[in-house]
$ cat input-v5.pdb   # PDB, C-alpha atoms and all ligand atoms
MODEL        1
ATOM      1  CA  MET A   1      57.757  26.300 120.029
ATOM      2  CA  TYR A   2      56.534  29.878 120.393
ATOM      3  CA  ASN A   3      59.087  32.190 118.878
ATOM      4  CA  GLY A   4      57.828  35.715 119.458
ATOM      5  CA  ASN A   5      57.604  38.421 122.105
ATOM      6  CA  ILE A   6      56.230  37.687 125.565
ATOM      7  CA  VAL A   7      54.506  39.922 128.119
ATOM      8  CA  LEU A   8      54.721  38.954 131.798
ATOM      9  CA  LEU A   9      51.696  40.070 133.742
ATOM     10  CA  GLY A  10      51.221  39.869 137.488
ATOM     11  CA  ALA A  11      51.208  41.790 140.730
ATOM     12  CA  PRO A  12      54.362  43.182 142.289
ATOM     13  CA  GLY A  13      56.122  40.242 143.910
ATOM     14  CA  SER A  14      54.398  37.679 141.681
ATOM     15  CA  GLY A  15      57.731  36.407 140.335
ATOM     16  CA  LYS A  16      57.916  38.172 136.967
ATOM     17  CA  GLY A  17      61.523  39.270 137.445
ATOM     18  CA  THR A  18      62.717  35.803 138.473
ATOM     19  CA  LEU A  19      60.942  34.169 135.549
ATOM     20  CA  ALA A  20      62.176  36.778 133.063
ATOM     21  CA  LYS A  21      65.760  36.141 134.122
ATOM     22  CA  GLN A  22      65.413  32.362 133.800
ATOM     23  CA  LEU A  23      63.843  32.653 130.353
ATOM     24  CA  SER A  24      66.463  35.060 129.061
ATOM     25  CA  GLU A  25      69.305  32.887 130.358
ATOM     26  CA  LYS A  26      67.982  29.659 128.890
ATOM     27  CA  TYR A  27      66.350  30.880 125.676
ATOM     28  CA  GLY A  28      68.156  34.125 124.903
ATOM     29  CA  TYR A  29      65.249  36.521 125.182
ATOM     30  CA  THR A  30      65.999  40.214 125.416
ATOM     31  CA  LEU A  31      64.653  41.653 128.662
ATOM     32  CA  ILE A  32      62.841  44.957 129.009
ATOM     33  CA  THR A  33      62.242  45.612 132.695
ATOM     34  CA  THR A  34      60.487  48.935 133.187
ATOM     35  CA  GLY A  35      61.117  49.147 136.936
ATOM     36  CA  ASP A  36      64.887  48.904 136.389
ATOM     37  CA  ILE A  37      64.800  51.350 133.480
ATOM     38  CA  LEU A  38      62.809  53.903 135.491
ATOM     39  CA  ARG A  39      65.010  53.574 138.576
ATOM     40  CA  GLU A  40      68.067  54.068 136.351
ATOM     41  CA  GLU A  41      66.508  57.228 134.880
ATOM     42  CA  LYS A  42      65.891  58.525 138.386
ATOM     43  CA  ARG A  43      69.482  57.818 139.467
ATOM     44  CA  SER A  44      70.911  59.440 136.351
ATOM     45  CA  GLY A  45      69.140  62.714 137.123
ATOM     46  CA  SER A  46      67.971  63.013 133.487
ATOM     47  CA  GLU A  47      64.975  65.169 132.531
ATOM     48  CA  ILE A  48      62.741  62.098 132.735
ATOM     49  CA  GLY A  49      64.444  61.128 135.980
ATOM     50  CA  LYS A  50      63.491  64.476 137.517
ATOM     51  CA  LYS A  51      59.889  64.152 136.341
ATOM     52  CA  ILE A  52      59.423  60.729 137.906
ATOM     53  CA  ASN A  53      61.474  61.410 141.023
ATOM     54  CA  ASP A  54      58.441  61.994 143.244
ATOM     55  CA  ILE A  55      56.388  59.134 141.814
ATOM     56  CA  LEU A  56      58.817  56.269 141.826
ATOM     57  CA  GLY A  57      59.258  54.513 145.116
ATOM     58  CA  LYS A  58      55.916  55.783 146.433
ATOM     59  CA  GLY A  59      53.810  53.004 145.004
ATOM     60  CA  ASN A  60      52.214  55.049 142.247
ATOM     61  CA  LEU A  61      52.472  54.452 138.522
ATOM     62  CA  VAL A  62      54.559  56.670 136.295
ATOM     63  CA  PRO A  63      52.331  58.437 133.692
ATOM     64  CA  ASP A  64      51.592  56.402 130.562
ATOM     65  CA  ASP A  65      53.094  58.914 128.119
ATOM     66  CA  ILE A  66      56.471  58.830 129.864
ATOM     67  CA  VAL A  67      56.641  55.027 130.057
ATOM     68  CA  ASN A  68      55.369  54.587 126.493
ATOM     69  CA  GLU A  69      58.048  56.928 125.160
ATOM     70  CA  ILE A  70      60.789  55.028 127.021
ATOM     71  CA  ILE A  71      59.569  51.688 125.674
ATOM     72  CA  LYS A  72      59.344  53.026 122.138
ATOM     73  CA  ASN A  73      62.956  54.191 122.295
ATOM     74  CA  LYS A  74      64.119  50.833 123.647
ATOM     75  CA  LEU A  75      62.230  48.934 120.981
ATOM     76  CA  GLU A  76      63.752  50.921 118.150
ATOM     77  CA  LYS A  77      67.043  49.381 119.237
ATOM     78  CA  TYR A  78      65.812  45.769 119.413
ATOM     79  CA  LEU A  79      62.932  45.155 117.016
ATOM     80  CA  PRO A  80      62.388  43.351 114.702
ATOM     81  CA  ASN A  81      65.314  41.015 115.339
ATOM     82  CA  SER A  82      64.829  40.087 118.963
ATOM     83  CA  ARG A  83      62.424  38.049 120.923
ATOM     84  CA  ILE A  84      61.611  40.292 123.828
ATOM     85  CA  ILE A  85      60.249  39.680 127.310
ATOM     86  CA  PHE A  86      58.360  42.628 128.720
ATOM     87  CA  ASP A  87      58.561  42.671 132.519
ATOM     88  CA  GLY A  88      56.472  45.459 134.043
ATOM     89  CA  PHE A  89      55.038  46.695 130.752
ATOM     90  CA  PRO A  90      52.225  47.179 130.017
ATOM     91  CA  ARG A  91      50.794  48.095 133.400
ATOM     92  CA  THR A  92      47.678  49.866 132.143
ATOM     93  CA  VAL A  93      45.278  49.252 129.256
ATOM     94  CA  VAL A  94      46.505  52.491 127.647
ATOM     95  CA  GLN A  95      50.029  51.039 127.652
ATOM     96  CA  GLY A  96      48.720  47.716 126.306
ATOM     97  CA  GLU A  97      47.044  49.476 123.395
ATOM     98  CA  PHE A  98      50.214  51.428 122.727
ATOM     99  CA  LEU A  99      52.339  48.279 122.761
ATOM    100  CA  ASP A 100      50.097  46.763 120.090
ATOM    101  CA  THR A 101      51.047  49.600 117.758
ATOM    102  CA  ILE A 102      54.789  48.978 118.043
ATOM    103  CA  ALA A 103      55.271  45.220 118.630
ATOM    104  CA  ASP A 104      53.607  41.872 117.978
ATOM    105  CA  ILE A 105      52.606  40.135 121.183
ATOM    106  CA  GLY A 106      51.542  36.515 120.825
ATOM    107  CA  LEU A 107      51.840  35.279 124.397
ATOM    108  CA  VAL A 108      51.048  36.824 127.777
ATOM    109  CA  ILE A 109      51.962  34.873 130.880
ATOM    110  CA  TYR A 110      49.872  35.836 133.878
ATOM    111  CA  LEU A 111      51.345  34.879 137.258
ATOM    112  CA  GLU A 112      48.522  34.589 139.751
ATOM    113  CA  VAL A 113      49.300  35.067 143.479
ATOM    114  CA  SER A 114      47.316  36.026 146.580
ATOM    115  CA  ASP A 115      47.612  39.409 148.299
ATOM    116  CA  ASP A 116      49.115  37.744 151.393
ATOM    117  CA  THR A 117      51.843  36.152 149.286
ATOM    118  CA  ILE A 118      52.583  39.489 147.632
ATOM    119  CA  ARG A 119      53.007  41.174 151.021
ATOM    120  CA  GLU A 120      55.161  38.380 152.440
ATOM    121  CA  ARG A 121      57.454  38.232 149.428
ATOM    122  CA  ILE A 122      57.953  41.975 149.112
ATOM    123  CA  ILE A 123      58.701  42.386 152.815
ATOM    124  CA  GLU A 124      61.264  39.590 152.494
ATOM    125  CA  ARG A 125      62.739  41.137 149.343
ATOM    126  CA  GLY A 126      62.916  44.517 151.091
ATOM    127  CA  LYS A 127      65.535  43.179 153.496
ATOM    128  CA  THR A 128      68.071  43.095 150.659
ATOM    129  CA  SER A 129      66.629  44.972 147.658
ATOM    130  CA  GLY A 130      67.459  48.453 148.890
ATOM    131  CA  ARG A 131      64.227  49.642 147.257
ATOM    132  CA  GLU A 132      62.303  52.227 149.234
ATOM    133  CA  ASP A 133      58.995  50.907 147.882
ATOM    134  CA  ASP A 134      59.738  47.492 149.412
ATOM    135  CA  GLN A 135      60.169  48.874 152.937
ATOM    136  CA  SER A 136      56.750  50.080 154.040
ATOM    137  CA  ILE A 137      53.523  48.127 154.308
ATOM    138  CA  ASP A 138      51.573  51.266 153.323
ATOM    139  CA  ILE A 139      53.494  51.560 150.057
ATOM    140  CA  ILE A 140      53.154  47.829 149.401
ATOM    141  CA  ASN A 141      49.386  48.073 149.911
ATOM    142  CA  ARG A 142      49.310  51.120 147.651
ATOM    143  CA  ARG A 143      51.041  49.088 144.915
ATOM    144  CA  ILE A 144      48.565  46.234 145.338
ATOM    145  CA  LEU A 145      45.704  48.712 144.980
ATOM    146  CA  GLN A 146      47.259  50.277 141.869
ATOM    147  CA  TYR A 147      47.733  46.803 140.448
ATOM    148  CA  LYS A 148      44.076  45.921 141.007
ATOM    149  CA  THR A 149      42.654  49.110 139.548
ATOM    150  CA  GLU A 150      45.119  49.850 136.718
ATOM    151  CA  THR A 151      46.851  46.617 135.720
ATOM    152  CA  LYS A 152      44.317  43.841 136.287
ATOM    153  CA  PRO A 153      42.022  45.088 133.483
ATOM    154  CA  LEU A 154      44.799  43.924 131.137
ATOM    155  CA  ILE A 155      43.800  40.338 131.929
ATOM    156  CA  ASP A 156      40.498  40.852 130.096
ATOM    157  CA  PHE A 157      42.259  42.888 127.411
ATOM    158  CA  TYR A 158      44.548  39.948 126.547
ATOM    159  CA  ASP A 159      41.968  37.281 127.286
ATOM    160  CA  SER A 160      39.754  38.710 124.547
ATOM    161  CA  LYS A 161      42.685  38.266 122.135
ATOM    162  CA  LYS A 162      43.081  34.652 123.322
ATOM    163  CA  ILE A 163      46.787  35.071 124.024
ATOM    164  CA  ILE A 164      46.911  34.767 127.816
ATOM    165  CA  ALA A 165      48.123  31.764 129.800
ATOM    166  CA  THR A 166      47.553  31.727 133.569
ATOM    167  CA  ILE A 167      50.158  30.161 135.843
ATOM    168  CA  ASP A 168      49.823  29.538 139.576
ATOM    169  CA  GLY A 169      52.516  31.828 140.945
ATOM    170  CA  GLU A 170      52.247  30.254 144.407
ATOM    171  CA  GLU A 171      54.182  27.225 143.136
ATOM    172  CA  SER A 172      57.965  26.921 143.611
ATOM    173  CA  ILE A 173      60.319  28.870 141.359
ATOM    174  CA  ASN A 174      61.305  25.674 139.528
ATOM    175  CA  GLU A 175      57.736  24.507 139.074
ATOM    176  CA  VAL A 176      56.640  27.893 137.688
ATOM    177  CA  PHE A 177      59.558  27.837 135.249
ATOM    178  CA  HIS A 178      58.783  24.270 134.203
ATOM    179  CA  ARG A 179      55.110  25.085 133.521
ATOM    180  CA  VAL A 180      56.028  28.206 131.572
ATOM    181  CA  GLU A 181      58.534  26.261 129.472
ATOM    182  CA  ASN A 182      55.800  23.757 128.599
ATOM    183  CA  ILE A 183      53.493  26.561 127.531
ATOM    184  CA  ILE A 184      56.145  28.163 125.324
ATOM    185  CA  LYS A 185      56.978  24.805 123.737
ATOM    186  CA  SER A 186      53.367  24.021 122.864
ATOM    187  CA  TRP A 187      52.161  27.574 122.074
ATOM    188  CA  LYS A 188      50.999  28.140 118.508
TER
HETATM  189  P1  LIG A 201      57.207  45.680 141.211
HETATM  190  O1  LIG A 201      56.807  44.740 140.093
HETATM  191  O2  LIG A 201      57.729  44.947 142.399
HETATM  192  O3  LIG A 201      56.168  46.704 141.543
HETATM  193  P2  LIG A 201      58.893  47.206 139.416
HETATM  194  O4  LIG A 201      60.369  47.314 139.555
HETATM  195  O5  LIG A 201      58.338  46.496 138.233
HETATM  196  O6  LIG A 201      58.451  46.521 140.760
HETATM  197  O7  LIG A 201      58.232  48.655 139.432
HETATM  198  C1  LIG A 201      58.588  49.604 140.394
HETATM  199  C2  LIG A 201      57.840  50.925 140.166
HETATM  200  O8  LIG A 201      58.184  51.465 138.866
HETATM  201  C3  LIG A 201      56.333  50.829 140.115
HETATM  202  O9  LIG A 201      55.765  50.849 141.399
HETATM  203  C4  LIG A 201      55.988  52.095 139.296
HETATM  204  O10 LIG A 201      56.103  53.274 140.062
HETATM  205  C5  LIG A 201      57.071  52.142 138.257
HETATM  206  N1  LIG A 201      56.705  51.415 137.021
HETATM  207  C6  LIG A 201      57.270  50.264 136.537
HETATM  208  N2  LIG A 201      56.705  49.893 135.378
HETATM  209  C7  LIG A 201      55.744  50.830 135.100
HETATM  210  C8  LIG A 201      54.801  51.011 134.051
HETATM  211  N3  LIG A 201      54.718  50.165 133.017
HETATM  212  N4  LIG A 201      53.978  52.090 134.113
HETATM  213  C9  LIG A 201      54.035  52.954 135.107
HETATM  214  N5  LIG A 201      54.884  52.844 136.137
HETATM  215  C10 LIG A 201      55.751  51.802 136.148
ENDMDL
END

$ encode --input "input-v5.pdb" --output "structure tokens" --more "lines below"
Ligand code: ADP
Amino acid sequence: MYNGNIVLLGAPGSGKGTLAKQLSEKYGYTLITTGDILREEKRSGSEIGKKINDILGKGNLVPDDIVNEIIKNKLEKYLPNSRIIFDGFPRTVVQGEFLDTIADIGLVIYLEVSDDTIRERIIERGKTSGREDDQSIDIINRRILQYKTETKPLIDFYDSKKIIATIDGEESINEVFHRVENIIKSWK
């Protein structure tokens, strides 16, 4: 059984949040969800919140230095005693390199889904999520573009370290969870 930190990689709407929740409930992982953390900063009106106010919700990525600093602060609280799931971090290669300097990552789960599925799921989620970035097709497309240019290079980054496992994110929620459990159980 793999017993270390896990990174979840995948497009917006690929199912990272759902999977992270299932894994933390069943196996006791600590969750670090950057989207939630950043939205909370924005709501709180903190200095960081003011800086990211115009970025968040528009489909653009928050600058690496801001996100890296937030993650570093969170990790000081948790490491080295927790097994952590990173949901939404790293989202750029710069963030991936930074993460390597502050935590050991032995498993990256990549949830693969088509662009059409991403759009369908986010539009559906937007009916109840209350998130402004889930409401407009232009913003959704912007996020897909950001994902392709900024985040997808992380697949090669982790592939070269031989720590990435690809899962078909088009499968049902239960099937995805089942496959991920099998990977964690057999991962060296
Ligand atoms: P989704 O996965 O559906 O895009 P998230 O809640 O993970 O939703 O992220 C929402 C927004 O928060 C992103 O569009 C981006 O603006 C910002 N964000 C989250 N994580 C990061 C990150 N690691 N780096 C930069 N921006 C981020």

$ closest_atom_pairs --input "input-v5.pdb" --of "chain A" --to "ligand LIG 201 (chain A)" --cutoff "7 Å" --atoms "all atoms listed in the file" --output "CSV"
residue,atom,partner,partner_atom,distance
A:Ala11,CA,A:LIG201,O1,6.4
A:Pro12,CA,A:LIG201,O1,3.6
A:Gly13,CA,A:LIG201,O2,5.2
A:Thr33,CA,A:LIG201,O5,6.8
A:Thr34,CA,A:LIG201,N2,4.5
A:Gly35,CA,A:LIG201,O4,3.3
A:Asp36,CA,A:LIG201,O4,5.7
A:Leu38,CA,A:LIG201,O8,6.2
A:Ile55,CA,A:LIG201,O10,6.1
A:Leu56,CA,A:LIG201,O10,4.4
A:Gly57,CA,A:LIG201,O10,6.1
A:Lys58,CA,A:LIG201,O10,6.8
A:Gly59,CA,A:LIG201,O9,4.6
A:Asn60,CA,A:LIG201,O10,4.8
A:Leu61,CA,A:LIG201,N5,3.8
A:Val62,CA,A:LIG201,N5,3.8
A:Pro63,CA,A:LIG201,C9,5.9
A:Asp64,CA,A:LIG201,N4,6.1
A:Val67,CA,A:LIG201,N4,5.7
A:Asp87,CA,A:LIG201,O5,6.9
A:Gly88,CA,A:LIG201,N2,4.6
A:Phe89,CA,A:LIG201,N3,4.2
A:Pro90,CA,A:LIG201,N3,4.9
A:Arg91,CA,A:LIG201,N3,4.5
A:Thr92,CA,A:LIG201,N4,7.0
A:Arg143,CA,A:LIG201,O9,6.1

$ residues_near_point --input "input-v5.pdb" --point "(64.1, 48.8, 122.5)" --cutoff "12 Å" --atoms "all atoms listed in the file" --output "PyMOL selection string"
chain A and resi 30-34+37+68-86+99+102-103

$ atom_distance --input "input-v5.pdb" --atom1 "CA of Ile123 (chain A)" --atom2 "CA of Gln135 (chain A)"
6.7 Å

$ residues_near_point --input "input-v5.pdb" --point "(44.0, 42.3, 136.0)" --cutoff "10 Å" --atoms "all atoms listed in the file" --output "MDAnalysis selection string"
chainID A and resid 9:11 91:93 110 112 147:158

$ residues_around --input "input-v5.pdb" --residues "Ile105 (chain A)" --least-positions-apart "2" --cutoff "7 Å" --atoms "all atoms listed in the file" --output "short mmCIF file (atom, residue, chain, number, x, y, z; two decimals) with C-alpha atoms, in the frame of the given file"
data_model
loop_
_atom_site.label_atom_id
_atom_site.label_comp_id
_atom_site.auth_asym_id
_atom_site.auth_seq_id
_atom_site.Cartn_x
_atom_site.Cartn_y
_atom_site.Cartn_z
CA ASN A 5 57.60 38.42 122.10
CA ILE A 6 56.23 37.69 125.56
CA ALA A 103 55.27 45.22 118.63
CA LEU A 107 51.84 35.28 124.40
#

$ atom_distance --input "input-v5.pdb" --atom1 "CA of Val94 (chain A)" --atom2 "CA of Gln146 (chain A)"
14.4 Å

$ atom_distance --input "input-v5.pdb" --atom1 "CA of Glu40 (chain A)" --atom2 "CA of Gly17 (chain A)"
16.2 Å

$ axis_aligned_box --input "input-v5.pdb" --around "region 112-115 of chain A" --padding-each-side "3 Å" --output "AutoDock Vina command-line options"
--center_x 48.3 --center_y 37.0 --center_z 144.0 --size_x 8.0 --size_y 10.8 --size_z 14.5

$ resolve_selection --input "input-v5.pdb" --expression "the PyMOL selection byres (((chain A and resi 116-122) around 9) and not hetatm)" --output "list of chain:residue names"
A:Ala11, A:Pro12, A:Gly13, A:Ser14, A:Val113, A:Ser114, A:Asp115, A:Ile123, A:Glu124, A:Arg125, A:Gly126, A:Lys127, A:Asp134, A:Gln135, A:Ile137, A:Ile140, A:Asn141, A:Ile144, A:Glu170

$ resolve_selection --input "input-v5.pdb" --expression "the PyMOL selection byres (((chain A and resi 162-167) around 6) and not hetatm)" --output "list in words"
Gly106, Leu107, Val108, Ile109, Tyr110, Leu111, Tyr158, Asp159, Ser160, Lys161, Asp168 and Gly169 of chain A

$ resolve_selection --input "input-v5.pdb" --expression "the PyMOL selection byres (((chain A and resi 188) around 10) and not hetatm)" --output "number ranges by chain"
A: 1-3, 106-107, 163, 183-187

$ write_last_selection --input "input-v5.pdb" --atoms "C-alpha atoms" --output "tab-separated table (two decimals), in the frame of the given file"
chain	number	residue	atom	x	y	z
A	1	MET	CA	57.76	26.30	120.03
A	2	TYR	CA	56.53	29.88	120.39
A	3	ASN	CA	59.09	32.19	118.88
A	106	GLY	CA	51.54	36.52	120.82
A	107	LEU	CA	51.84	35.28	124.40
A	163	ILE	CA	46.79	35.07	124.02
A	183	ILE	CA	53.49	26.56	127.53
A	184	ILE	CA	56.14	28.16	125.32
A	185	LYS	CA	56.98	24.80	123.74
A	186	SER	CA	53.37	24.02	122.86
A	187	TRP	CA	52.16	27.57	122.07

$ closest_residue --input "input-v5.pdb" --among "A:Asp54, A:Gln95, A:Thr18, A:Glu171" --to "Ile66 (chain A)" --atoms "only C-alpha atoms"
A:Gln95
